[in-house]
>>> print(open('data_34.pdb').read())   # PDB, C-alpha atoms and all ligand atoms
ATOM      1  CA  MET A  58      24.026   0.478 -21.837
ATOM      2  CA  ASN A  59      23.199  -1.153 -18.582
ATOM      3  CA  ASP A  60      25.761   0.124 -16.145
ATOM      4  CA  LYS A  61      23.910   2.408 -13.754
ATOM      5  CA  MET A  62      20.881   1.719 -11.715
ATOM      6  CA  VAL A  63      18.516   3.475  -9.404
ATOM      7  CA  ASN A  64      17.735   1.533  -6.229
ATOM      8  CA  LEU A  65      14.203   2.036  -4.965
ATOM      9  CA  LEU A  66      13.325   0.553  -1.574
ATOM     10  CA  MET A  67       9.655  -0.333  -2.051
ATOM     11  CA  VAL A  68       7.361  -0.602   0.978
ATOM     12  CA  GLY A  69       3.859  -2.128   0.920
ATOM     13  CA  ASP A  70       0.788  -1.121   2.927
ATOM     14  CA  VAL A  71       1.703   0.029   6.445
ATOM     15  CA  HIS A  72      -1.595   0.707   8.280
ATOM     16  CA  VAL A  73      -0.256   2.446  11.380
ATOM     17  CA  SER A  74      -3.036   2.640  13.957
ATOM     18  CA  ASP A  75      -3.375   3.659  17.599
ATOM     19  CA  ARG A  76      -5.926   0.951  18.144
ATOM     20  CA  PRO A  77      -4.901  -2.590  17.188
ATOM     21  CA  PRO A  78      -7.077  -4.552  14.749
ATOM     22  CA  SER A  79      -9.381  -6.932  16.631
ATOM     23  CA  THR A  80      -7.173  -9.924  15.862
ATOM     24  CA  ARG A  81      -3.988  -8.333  17.159
ATOM     25  CA  THR A  82      -2.320  -7.835  20.506
ATOM     26  CA  THR A  83      -1.989  -4.352  21.975
ATOM     27  CA  ASP A  84       1.587  -3.862  20.714
ATOM     28  CA  TYR A  85       0.372  -3.396  17.136
ATOM     29  CA  ARG A  86       1.299   0.289  16.801
ATOM     30  CA  ASP A  87       4.774  -0.076  18.293
ATOM     31  CA  ASP A  88       5.427  -3.186  16.195
ATOM     32  CA  ILE A  89       4.825  -1.161  13.042
ATOM     33  CA  LEU A  90       6.895   1.799  14.187
ATOM     34  CA  LYS A  91       9.815  -0.589  14.771
ATOM     35  CA  LYS A  92       9.431  -1.831  11.202
ATOM     36  CA  LEU A  93       9.501   1.746   9.901
ATOM     37  CA  ILE A  94      12.716   2.352  11.854
ATOM     38  CA  GLU A  95      14.225  -0.845  10.422
ATOM     39  CA  ILE A  96      13.267   0.248   6.878
ATOM     40  CA  GLY A  97      15.292   3.431   7.349
ATOM     41  CA  GLN A  98      18.263   1.308   8.458
ATOM     42  CA  ILE A  99      17.879  -0.960   5.416
ATOM     43  CA  ALA A 100      17.715   2.076   3.107
ATOM     44  CA  LYS A 101      20.973   3.336   4.573
ATOM     45  CA  ARG A 102      22.730  -0.043   4.572
ATOM     46  CA  GLU A 103      21.688  -0.826   0.981
ATOM     47  CA  ASP A 104      22.340   2.745  -0.171
ATOM     48  CA  ALA A 105      18.821   3.192  -1.558
ATOM     49  CA  ASP A 106      18.323   6.190  -3.831
ATOM     50  CA  ALA A 107      14.778   6.557  -2.511
ATOM     51  CA  VAL A 108      12.224   4.885  -0.281
ATOM     52  CA  VAL A 109       8.842   4.498  -1.997
ATOM     53  CA  PHE A 110       5.625   3.772  -0.071
ATOM     54  CA  VAL A 111       2.813   2.293  -2.155
ATOM     55  CA  GLY A 112      -0.032   3.541   0.029
ATOM     56  CA  ASP A 113      -2.023   3.216   3.267
ATOM     57  CA  ILE A 114       0.513   4.655   5.682
ATOM     58  CA  PHE A 115      -2.260   5.123   8.243
ATOM     59  CA  HIS A 116      -5.136   2.772   8.916
ATOM     60  CA  SER A 117      -7.550   5.607   9.624
ATOM     61  CA  LYS A 118      -7.560   8.893   7.732
ATOM     62  CA  LYS A 119      -9.690  10.430  10.487
ATOM     63  CA  PRO A 120      -7.783  12.863  12.717
ATOM     64  CA  GLU A 121      -9.915  11.813  15.691
ATOM     65  CA  LYS A 122      -8.845   8.182  15.255
ATOM     66  CA  THR A 123      -5.132   8.746  14.663
ATOM     67  CA  SER A 124      -3.472  10.641  17.506
ATOM     68  CA  HIS A 125      -1.036  13.512  17.096
ATOM     69  CA  GLN A 126       1.477  11.394  19.004
ATOM     70  CA  THR A 127       1.273   8.640  16.381
ATOM     71  CA  VAL A 128       1.369  11.074  13.458
ATOM     72  CA  GLN A 129       4.451  12.735  14.957
ATOM     73  CA  ALA A 130       6.146   9.380  15.547
ATOM     74  CA  VAL A 131       5.667   8.436  11.889
ATOM     75  CA  ALA A 132       6.828  11.876  10.724
ATOM     76  CA  ARG A 133       9.918  11.707  12.923
ATOM     77  CA  ILE A 134      10.885   8.222  11.733
ATOM     78  CA  LEU A 135      10.319   8.823   8.001
ATOM     79  CA  GLY A 136      11.868  12.282   8.342
ATOM     80  CA  SER A 137      15.053  10.691   9.687
ATOM     81  CA  TYR A 138      15.603   8.515   6.596
ATOM     82  CA  ALA A 139      18.811   9.393   4.794
ATOM     83  CA  ALA A 140      17.109   8.907   1.402
ATOM     84  CA  PRO A 141      14.259  10.919  -0.100
ATOM     85  CA  VAL A 142      10.837   9.405   0.588
ATOM     86  CA  TYR A 143       8.066   9.231  -2.025
ATOM     87  CA  ILE A 144       4.573   8.324  -0.863
ATOM     88  CA  LEU A 145       1.610   7.318  -3.017
ATOM     89  CA  PRO A 146      -1.472   7.964  -0.855
ATOM     90  CA  GLY A 147      -3.696   4.879  -0.419
ATOM     91  CA  ASN A 148      -7.444   4.691   0.046
ATOM     92  CA  HIS A 149      -6.993   4.672   3.838
ATOM     93  CA  ASP A 150      -5.008   7.920   3.679
ATOM     94  CA  TYR A 151      -7.596  10.262   2.137
ATOM     95  CA  ALA A 152     -11.282  10.503   1.397
ATOM     96  CA  GLY A 153     -11.828   8.918  -2.044
ATOM     97  CA  ARG A 154     -11.111  11.156  -5.027
ATOM     98  CA  HIS A 155     -10.270  14.132  -2.831
ATOM     99  CA  HIS A 156      -6.517  14.597  -2.825
ATOM    100  CA  GLU A 157      -7.001  18.301  -2.366
ATOM    101  CA  ASN A 158      -8.080  17.431   1.186
ATOM    102  CA  LEU A 159      -4.910  15.558   2.163
ATOM    103  CA  ASN A 160      -4.081  18.484   4.440
ATOM    104  CA  ARG A 161      -7.021  17.370   6.615
ATOM    105  CA  HIS A 162      -5.621  13.911   7.112
ATOM    106  CA  PRO A 163      -2.668  12.487   9.090
ATOM    107  CA  LEU A 164      -0.661  11.826   5.917
ATOM    108  CA  GLY A 165      -0.799  15.519   5.001
ATOM    109  CA  THR A 166       1.040  16.289   8.225
ATOM    110  CA  VAL A 167       3.699  13.622   7.671
ATOM    111  CA  ALA A 168       4.270  15.022   4.162
ATOM    112  CA  LEU A 169       5.442  18.320   5.698
ATOM    113  CA  MET A 170       8.795  16.688   6.423
ATOM    114  CA  PRO A 171      11.332  18.126   3.984
ATOM    115  CA  ASN A 172      12.508  14.757   2.597
ATOM    116  CA  ILE A 173       8.958  13.511   1.895
ATOM    117  CA  THR A 174       7.066  14.006  -1.384
ATOM    118  CA  LEU A 175       3.568  12.798  -2.169
ATOM    119  CA  PHE A 176       2.934  11.625  -5.728
ATOM    120  CA  GLY A 177       0.037  10.121  -7.666
ATOM    121  CA  THR A 178      -2.062  13.089  -6.563
ATOM    122  CA  ASP A 179      -3.911  15.459  -8.858
ATOM    123  CA  ALA A 180      -1.225  18.033  -8.147
ATOM    124  CA  ARG A 181       1.739  15.717  -8.775
ATOM    125  CA  ARG A 182       1.025  12.598 -10.781
ATOM    126  CA  SER A 183       4.617  11.502 -11.287
ATOM    127  CA  VAL A 184       8.062  12.121  -9.823
ATOM    128  CA  LEU A 185      11.591  11.672 -11.145
ATOM    129  CA  VAL A 186      14.119   9.820  -9.012
ATOM    130  CA  ALA A 187      17.765  10.403  -9.737
ATOM    131  CA  PRO A 188      20.626   8.089  -8.807
ATOM    132  CA  ARG A 189      22.152   9.744  -5.775
ATOM    133  CA  GLY A 190      25.397  11.539  -6.324
ATOM    134  CA  ILE A 191      25.257  11.149 -10.113
ATOM    135  CA  THR A 192      25.227  14.290 -12.217
ATOM    136  CA  ASP A 193      26.420  12.760 -15.501
ATOM    137  CA  ALA A 194      23.807  13.695 -18.094
ATOM    138  CA  THR A 195      24.116  10.360 -19.886
ATOM    139  CA  TYR A 196      22.288   8.675 -17.022
ATOM    140  CA  HIS A 197      18.543   8.955 -16.911
ATOM    141  CA  ASP A 198      16.285   9.473 -13.968
ATOM    142  CA  VAL A 199      13.606   6.898 -13.251
ATOM    143  CA  ARG A 200      10.052   8.169 -13.498
ATOM    144  CA  LEU A 201       7.475   6.917 -10.987
ATOM    145  CA  ILE A 202       3.841   7.257 -12.080
ATOM    146  CA  GLY A 203       1.236   6.828  -9.350
ATOM    147  CA  VAL A 204      -2.087   5.054  -9.936
ATOM    148  CA  ARG A 205      -4.689   5.470  -7.207
ATOM    149  CA  GLU A 206      -7.231   3.082  -5.799
ATOM    150  CA  GLU A 207     -10.143   4.944  -7.353
ATOM    151  CA  ASP A 208      -8.542   5.317 -10.779
ATOM    152  CA  GLU A 209      -9.905   3.572 -13.865
ATOM    153  CA  LEU A 210      -7.893   1.024 -15.818
ATOM    154  CA  SER A 211      -7.059   3.722 -18.352
ATOM    155  CA  ALA A 212      -4.893   5.408 -15.678
ATOM    156  CA  PHE A 213      -2.243   2.790 -16.491
ATOM    157  CA  THR A 214      -1.851   4.268 -19.962
ATOM    158  CA  PHE A 215       1.089   6.632 -20.134
ATOM    159  CA  GLY A 216       3.020   8.358 -22.847
ATOM    160  CA  ASP A 217       6.474   9.764 -23.248
ATOM    161  CA  ASP A 218       6.235  13.172 -21.642
ATOM    162  CA  GLU A 219       8.520  15.719 -23.159
ATOM    163  CA  GLY A 220      12.106  15.446 -22.127
ATOM    164  CA  ILE A 221      11.660  12.109 -20.357
ATOM    165  CA  ASP A 222      13.233   9.087 -21.939
ATOM    166  CA  GLY A 223      14.461   7.119 -18.940
ATOM    167  CA  PRO A 224      12.676   4.068 -17.542
ATOM    168  CA  THR A 225       9.175   4.390 -16.067
ATOM    169  CA  VAL A 226       7.918   2.447 -13.049
ATOM    170  CA  ILE A 227       4.172   2.314 -12.447
ATOM    171  CA  VAL A 228       3.426   2.440  -8.712
ATOM    172  CA  ALA A 229      -0.181   1.548  -7.947
ATOM    173  CA  HIS A 230      -2.452   1.250  -4.943
ATOM    174  CA  SER A 231      -4.828  -1.017  -6.850
ATOM    175  CA  ALA A 232      -6.568  -4.384  -6.573
ATOM    176  CA  ILE A 233      -4.429  -6.192  -9.148
ATOM    177  CA  PHE A 234      -4.117  -9.984  -9.176
ATOM    178  CA  PRO A 235      -1.940 -12.391 -11.166
ATOM    179  CA  SER A 236      -3.727 -13.655 -14.261
ATOM    180  CA  GLY A 237      -6.704 -15.849 -13.345
ATOM    181  CA  ASP A 238      -6.489 -15.147  -9.583
ATOM    182  CA  ALA A 239      -8.700 -12.057  -9.388
ATOM    183  CA  PRO A 240     -11.653 -12.726  -7.065
ATOM    184  CA  THR A 241     -14.930 -12.128  -8.860
ATOM    185  CA  ILE A 242     -16.694 -10.555  -5.862
ATOM    186  CA  TRP A 243     -14.326  -7.610  -5.868
ATOM    187  CA  ASP A 244     -13.821  -4.909  -8.358
ATOM    188  CA  ALA A 245     -10.392  -6.396  -8.988
ATOM    189  CA  TRP A 246      -8.175  -6.302 -12.058
ATOM    190  CA  ASP A 247      -6.462  -9.174 -13.730
ATOM    191  CA  ALA A 248      -2.824  -8.219 -14.375
ATOM    192  CA  THR A 249      -3.378  -9.077 -18.047
ATOM    193  CA  GLU A 250      -6.048  -6.343 -18.286
ATOM    194  CA  VAL A 251      -3.583  -3.881 -16.787
ATOM    195  CA  ARG A 252      -0.869  -5.041 -19.202
ATOM    196  CA  GLU A 253      -3.156  -4.324 -22.169
ATOM    197  CA  GLN A 254      -3.381  -0.652 -21.197
ATOM    198  CA  PHE A 255       0.253   0.111 -21.947
ATOM    199  CA  GLU A 256       1.135   1.861 -25.166
ATOM    200  CA  ASP A 257       4.787   1.915 -24.162
ATOM    201  CA  ASP A 258       5.895  -0.770 -21.743
ATOM    202  CA  PRO A 259       6.939   0.384 -18.283
ATOM    203  CA  ALA A 260      10.103  -1.069 -16.779
ATOM    204  CA  HIS A 261       8.086  -2.478 -13.874
ATOM    205  CA  VAL A 262       4.679  -2.381 -12.200
ATOM    206  CA  TRP A 263       4.772  -2.360  -8.392
ATOM    207  CA  TYR A 264       1.522  -2.346  -6.448
ATOM    208  CA  GLY A 265       0.079  -2.429  -2.943
ATOM    209  CA  HIS A 266      -3.479  -2.466  -1.543
ATOM    210  CA  ILE A 267      -3.669  -6.272  -1.583
ATOM    211  CA  HIS A 268      -2.121  -7.343   1.713
ATOM    212  CA  GLU A 269      -1.295 -10.887   0.669
ATOM    213  CA  PRO A 270       1.975 -10.998  -1.254
ATOM    214  CA  HIS A 271       1.880 -12.056  -4.908
ATOM    215  CA  GLY A 272       5.667 -11.941  -5.378
ATOM    216  CA  THR A 273       7.095 -10.991  -8.774
ATOM    217  CA  TYR A 274       5.601 -12.361 -11.983
ATOM    218  CA  ASP A 275       5.867 -11.662 -15.690
ATOM    219  CA  VAL A 276       2.933 -10.403 -17.714
ATOM    220  CA  GLY A 277       3.787 -10.347 -21.405
ATOM    221  CA  GLY A 278       7.329  -9.151 -20.775
ATOM    222  CA  VAL A 279       6.451  -6.634 -18.030
ATOM    223  CA  PRO A 280       7.358  -7.624 -14.441
ATOM    224  CA  PHE A 281       4.680  -7.051 -11.795
ATOM    225  CA  THR A 282       5.421  -7.147  -8.031
ATOM    226  CA  ASN A 283       3.365  -7.049  -4.854
ATOM    227  CA  LEU A 284       5.224  -8.108  -1.683
ATOM    228  CA  GLY A 285       2.188  -7.579   0.555
ATOM    229  CA  ALA A 286       1.556  -5.354   3.540
ATOM    230  CA  ILE A 287       4.341  -4.876   6.084
ATOM    231  CA  SER A 288       1.710  -5.193   8.810
ATOM    232  CA  ARG A 289      -0.392  -8.255   9.408
ATOM    233  CA  GLY A 290      -3.729  -6.807  10.341
ATOM    234  CA  SER A 291      -6.083  -9.605   9.745
ATOM    235  CA  LEU A 292      -6.413 -13.344  10.194
ATOM    236  CA  HIS A 293      -8.769 -13.259   7.213
ATOM    237  CA  GLU A 294      -5.628 -13.052   5.155
ATOM    238  CA  ASP A 295      -4.711 -16.663   4.316
ATOM    239  CA  ALA A 296      -0.988 -16.273   4.912
ATOM    240  CA  ALA A 297      -1.191 -13.952   7.932
ATOM    241  CA  ARG A 298       0.126 -16.589  10.343
ATOM    242  CA  THR A 299       2.925 -17.884   8.169
ATOM    243  CA  ARG A 300       4.367 -15.079   6.112
ATOM    244  CA  THR A 301       7.264 -12.827   7.093
ATOM    245  CA  PRO A 302       6.637  -9.171   6.192
ATOM    246  CA  LYS A 303       9.068  -7.979   3.536
ATOM    247  CA  VAL A 304      10.155  -4.915   1.672
ATOM    248  CA  GLY A 305      11.766  -5.031  -1.766
ATOM    249  CA  MET A 306      14.721  -3.356  -3.412
ATOM    250  CA  LEU A 307      13.740  -2.553  -6.984
ATOM    251  CA  SER A 308      16.880  -1.913  -9.007
ATOM    252  CA  VAL A 309      16.104  -0.110 -12.253
ATOM    253  CA  TRP A 310      18.880  -0.090 -14.850
ATOM    254  CA  SER A 311      19.217   2.749 -17.287
ATOM    255  CA  ASP A 312      18.197   0.460 -20.180
ATOM    256  CA  GLY A 313      14.933  -0.432 -18.392
ATOM    257  CA  ASP A 314      15.898  -3.842 -16.997
ATOM    258  CA  THR A 315      14.871  -4.378 -13.379
ATOM    259  CA  ASP A 316      15.796  -6.691 -10.507
ATOM    260  CA  VAL A 317      13.865  -7.313  -7.308
ATOM    261  CA  THR A 318      15.571  -8.279  -4.051
ATOM    262  CA  GLU A 319      13.151  -9.293  -1.304
ATOM    263  CA  ILE A 320      14.281  -8.213   2.166
ATOM    264  CA  PRO A 321      12.490  -9.788   5.162
ATOM    265  CA  LEU A 322      11.973  -7.451   8.127
ATOM    266  CA  GLU A 323      13.900  -8.737  11.125
ATOM    267  CA  SER A 324      11.838  -6.675  13.531
ATOM    268  CA  ALA A 325       8.696  -8.624  12.563
ATOM    269  CA  ARG A 326       7.750 -10.905  15.432
ATOM    270  CA  ASP A 327       6.366 -14.440  15.134
ATOM    271  CA  ALA A 328       2.670 -14.633  14.348
ATOM    272  CA  GLU A 329       1.974 -16.483  17.634
ATOM    273  CA  LEU A 330       3.185 -13.400  19.493
ATOM    274  CA  VAL A 331       1.234 -10.769  17.578
ATOM    275  CA  PHE A 332      -2.141 -12.420  16.947
ATOM    276  CA  ARG A 333      -4.757 -13.130  19.565
ATOM    277  CA  ILE A 334      -5.201 -16.572  18.055
ATOM    278  CA  GLU A 335      -7.049 -18.267  20.951
ATOM    279  CA  GLU A 336      -9.315 -15.322  21.632
ATOM    280  CA  VAL A 337     -10.068 -14.878  17.970
ATOM    281  CA  THR A 338     -11.025 -18.534  17.593
ATOM    282  CA  SER A 339     -13.568 -18.158  20.387
ATOM    283  CA  GLU A 340     -14.967 -15.083  18.641
ATOM    284  CA  ARG A 341     -15.655 -17.053  15.474
ATOM    285  CA  SER A 342     -19.320 -17.586  16.302
ATOM    286  CA  GLU A 343     -19.770 -13.837  16.586
ATOM    287  CA  ALA A 344     -18.038 -13.454  13.250
ATOM    288  CA  SER A 345     -20.306 -15.979  11.567
ATOM    289  CA  GLU A 346     -23.347 -13.928  12.606
ATOM    290  CA  ILE A 347     -21.760 -10.950  10.991
ATOM    291  CA  ASN A 348     -21.030 -12.974   7.884
ATOM    292  CA  ALA A 349     -24.705 -13.890   7.640
ATOM    293  CA  PHE A 350     -25.538 -10.212   7.995
ATOM    294  CA  ALA A 351     -23.033  -9.294   5.308
ATOM    295  CA  GLU A 352     -24.556 -11.923   3.026
ATOM    296  CA  ALA A 353     -27.974 -10.397   3.517
ATOM    297  CA  LEU A 354     -26.509  -7.047   2.652
ATOM    298  CA  SER A 355     -24.989  -8.385  -0.534
ATOM    299  CA  ALA A 356     -28.516  -8.495  -1.920
ATOM    300  CA  VAL A 357     -28.248  -4.728  -1.786
ATOM    301  CA  ASP A 358     -25.960  -3.446  -4.494
ATOM    302  CA  ILE A 359     -22.845  -2.569  -2.541
ATOM    303  CA  GLU A 360     -19.598  -1.642  -4.136
ATOM    304  CA  VAL A 361     -17.721  -3.879  -1.720
ATOM    305  CA  PHE A 362     -14.245  -2.730  -2.542
ATOM    306  CA  SER A 363     -14.852   0.868  -1.593
ATOM    307  CA  VAL A 364     -14.572   0.980   2.179
ATOM    308  CA  GLU A 365     -16.331   4.318   2.329
ATOM    309  CA  SER A 366     -19.383   3.154   0.409
ATOM    310  CA  ALA A 367     -19.619  -0.123   2.324
ATOM    311  CA  VAL A 368     -19.356   1.604   5.693
ATOM    312  CA  GLN A 369     -21.935   4.128   4.686
ATOM    313  CA  LYS A 370     -24.381   1.438   3.504
ATOM    314  CA  LEU A 371     -23.858  -0.548   6.700
ATOM    315  CA  SER A 372     -24.342   2.431   8.960
ATOM    316  CA  GLU A 373     -27.589   3.327   7.191
ATOM    317  CA  HIS A 374     -29.006  -0.200   7.158
ATOM    318  CA  PRO A 375     -32.372  -0.222   8.990
ATOM    319  CA  ASP A 376     -32.333  -3.890  10.085
ATOM    320  CA  ALA A 377     -28.962  -4.022  11.794
ATOM    321  CA  PRO A 378     -28.764  -3.824  15.614
ATOM    322  CA  GLN A 379     -26.308  -1.158  16.734
ATOM    323  CA  PRO A 380     -23.577  -3.473  18.139
ATOM    324  CA  VAL A 381     -23.628  -5.544  14.943
ATOM    325  CA  LYS A 382     -23.346  -2.405  12.852
ATOM    326  CA  ALA A 383     -20.410  -1.185  14.887
ATOM    327  CA  ARG A 384     -18.643  -4.539  14.714
ATOM    328  CA  ALA A 385     -19.361  -4.959  11.009
ATOM    329  CA  ILE A 386     -17.951  -1.531  10.294
ATOM    330  CA  GLU A 387     -14.811  -2.494  12.190
ATOM    331  CA  LEU A 388     -14.444  -5.667  10.155
ATOM    332  CA  VAL A 389     -15.000  -3.881   6.863
ATOM    333  CA  GLU A 390     -12.341  -1.351   7.786
ATOM    334  CA  GLU A 391      -9.890  -4.150   8.460
ATOM    335  CA  VAL A 392     -10.365  -5.858   5.121
ATOM    336  CA  THR A 393      -8.619  -3.404   2.857
TER     337      THR A 393
HETATM  338 MN    MN B 401      -5.560  -0.051   0.621
END
>>> encode(input="data_34.pdb", output="structure tokens")
Amino acid sequence: MNDKMVNLLMVGDVHVSDRPPSTRTTDYRDDILKKLIEIGQIAKREDADAVVFVGDIFHSKKPEKTSHQTVQAVARILGSYAAPVYILPGNHDYAGRHHENLNRHPLGTVALMPNITLFGTDARRSVLVAPRGITDATYHDVRLIGVREEDELSAFTFGDDEGIDGPTVIVAHSAIFPSGDAPTIWDAWDATEVREQFEDDPAHVWYGHIHEPHGTYDVGGVPFTNLGAISRGSLHEDAARTRTPKVGMLSVWSDGDTDVTEIPLESARDAELVFRIEEVTSERSEASEINAFAEALSAVDIEVFSVESAVQKLSEHPDAPQPVKARAIELVEEVT
């Protein structure tokens, strides 16, 4: 039977920040807040059963870098959504492997809003989302299982927990790439490797963390989707100047079929208005020095995909002049 669905409004990396990334104009924070407001309007208009964030709500997990004013603005906007909000914390939202410390970070404060639930944490790995207004027992809730950035591939393995026989959606903040596209320099996963972990097939795999959209693609009968970040933080991203930020409505039918509807954000402004394109071009020579420095560092064994470890290695490096260190740390923080 295929006659009832749960509509999940899926939102990619957000990266709210008081300070704009170096490539962006000063309106960066307000641009993102407008997108978050628009997402609430879309959820209402499309009658979403839930809004699901796939990680990295804030760019900096540090309280001293993310102001109370910004945290409160995010809390107020997400708290005003008519639908329940489920948030998978991303690597920018907490110190790696330490979910118990989320109460020290901006996201822990946002999660105090009564309609917001964190999942994918040690305390709450999965959540059940019910179709709104439906109490008929013949319809099944959809289970969302969170996979975190620091998790191993085996985290994608899941079983039928007792009493749960509705569809399962894997929501991941992970470096997954379509088959054959995974860059070798990163600790990235080929979607085929992820697919091989499943004992029972999930209805869908939806992931964030990679800011460039991969769209929806089939991996051995399981659909995978990444629509990219809703912010455009970096010109390093190939498509940053041309893509329109999108969210996606993931409709999950009770028999496990899914549909994805991509919804472009109308509040997103043209790239020419949000990027400091001319200034950034003139800063390229500075960037190339930093690239040379980063290359030298690659001789050292750095786990490049972990921002924390890379920043720590950079800040401890004896040969780097202070301004270069500071700038390099900024760039590293912008990458993921
Ligand atoms: Mn991330």
>>> closest_residue(input="data_34.pdb", among="A:Glu294, A:Glu329, A:Glu157, A:Glu335", to="A:Asp179", atoms="all atoms listed in the file")
A:Glu157
>>> closest_residue(input="data_34.pdb", among="A:Thr174, A:Gln129, A:Gln254, A:Ser231", to="ligand MN 401 (chain B)", atoms="all atoms listed in the file")
A:Ser231
>>> residues_near_ligand(input="data_34.pdb", ligand="ligand MN 401 (chain B)", cutoff="12 Å", atoms="only C-alpha atoms and all ligand atoms", output="PyMOL selection string")
chain A and resi 69-72+110-118+145-151+153+205-207+229-233+264-269+285-286+290+362-365+389-393
>>> closest_residue(input="data_34.pdb", among="A:Ile173, A:Leu201, A:Val142, A:Ile96", to="A:Leu185", atoms="only C-alpha atoms")
A:Leu201
>>> atom_distance(input="data_34.pdb", atom1="atom CA of A:Asp257", atom2="atom CA of A:Leu284")
24.6 Å
>>> closest_residue(input="data_34.pdb", among="A:Thr80, A:Ile89, A:Thr299, A:Glu103", to="A:Ile320", atoms="only C-alpha atoms")
A:Glu103
>>> closest_residue(input="data_34.pdb", among="A:Lys303, A:His271, A:Arg326, A:Arg289", to="A:Arg81", atoms="only C-alpha atoms")
A:Arg289
>>> resolve_selection(input="data_34.pdb", expression="the PyMOL selection byres (((chain A and resi 327) around 12) and not hetatm)", output="list of chain:residue names")
A:Asp88, A:Arg289, A:Ala297, A:Arg298, A:Thr299, A:Arg300, A:Thr301, A:Pro302, A:Leu322, A:Glu323, A:Ser324, A:Ala325, A:Arg326, A:Ala328, A:Glu329, A:Leu330, A:Val331, A:Phe332
>>> atom_distance(input="data_34.pdb", atom1="atom CA of A:Val226", atom2="atom CA of A:Glu95")
24.5 Å
>>> residues_around(input="data_34.pdb", residues="A:Val251", least_positions_apart="2", cutoff="9 Å", atoms="all atoms listed in the file", output="NGL selection string")
:A and (210-211 or 213-214 or 233 or 246-249 or 253-255)
>>> resolve_selection(input="data_34.pdb", expression="the PyMOL selection byres (((chain A and resi 139) around 10) and not hetatm)", output="list of chain:residue names")
A:Gly97, A:Gln98, A:Ala100, A:Lys101, A:Asp104, A:Ala105, A:Asp106, A:Ala107, A:Val108, A:Leu135, A:Gly136, A:Ser137, A:Tyr138, A:Ala140, A:Pro141, A:Val142, A:Asn172
>>> atom_distance(input="data_34.pdb", atom1="atom CA of A:Leu169", atom2="atom CA of A:His125")
14.0 Å
>>> residues_around(input="data_34.pdb", residues="A:Ile202", least_positions_apart="6", cutoff="6 Å", atoms="only C-alpha atoms", output="ChimeraX atom specification")
/A:183,227-228
>>> resolve_selection(input="data_34.pdb", expression="the PyMOL selection byres (((chain A and resi 318) around 6) and not hetatm)", output="list in words")
Gly305, Met306, Val317 and Glu319 of chain A
>>> closest_residue(input="data_34.pdb", among="A:Thr82, A:Ile99, A:Ala187, A:Val73", to="A:Ala132", atoms="all atoms listed in the file")
A:Val73
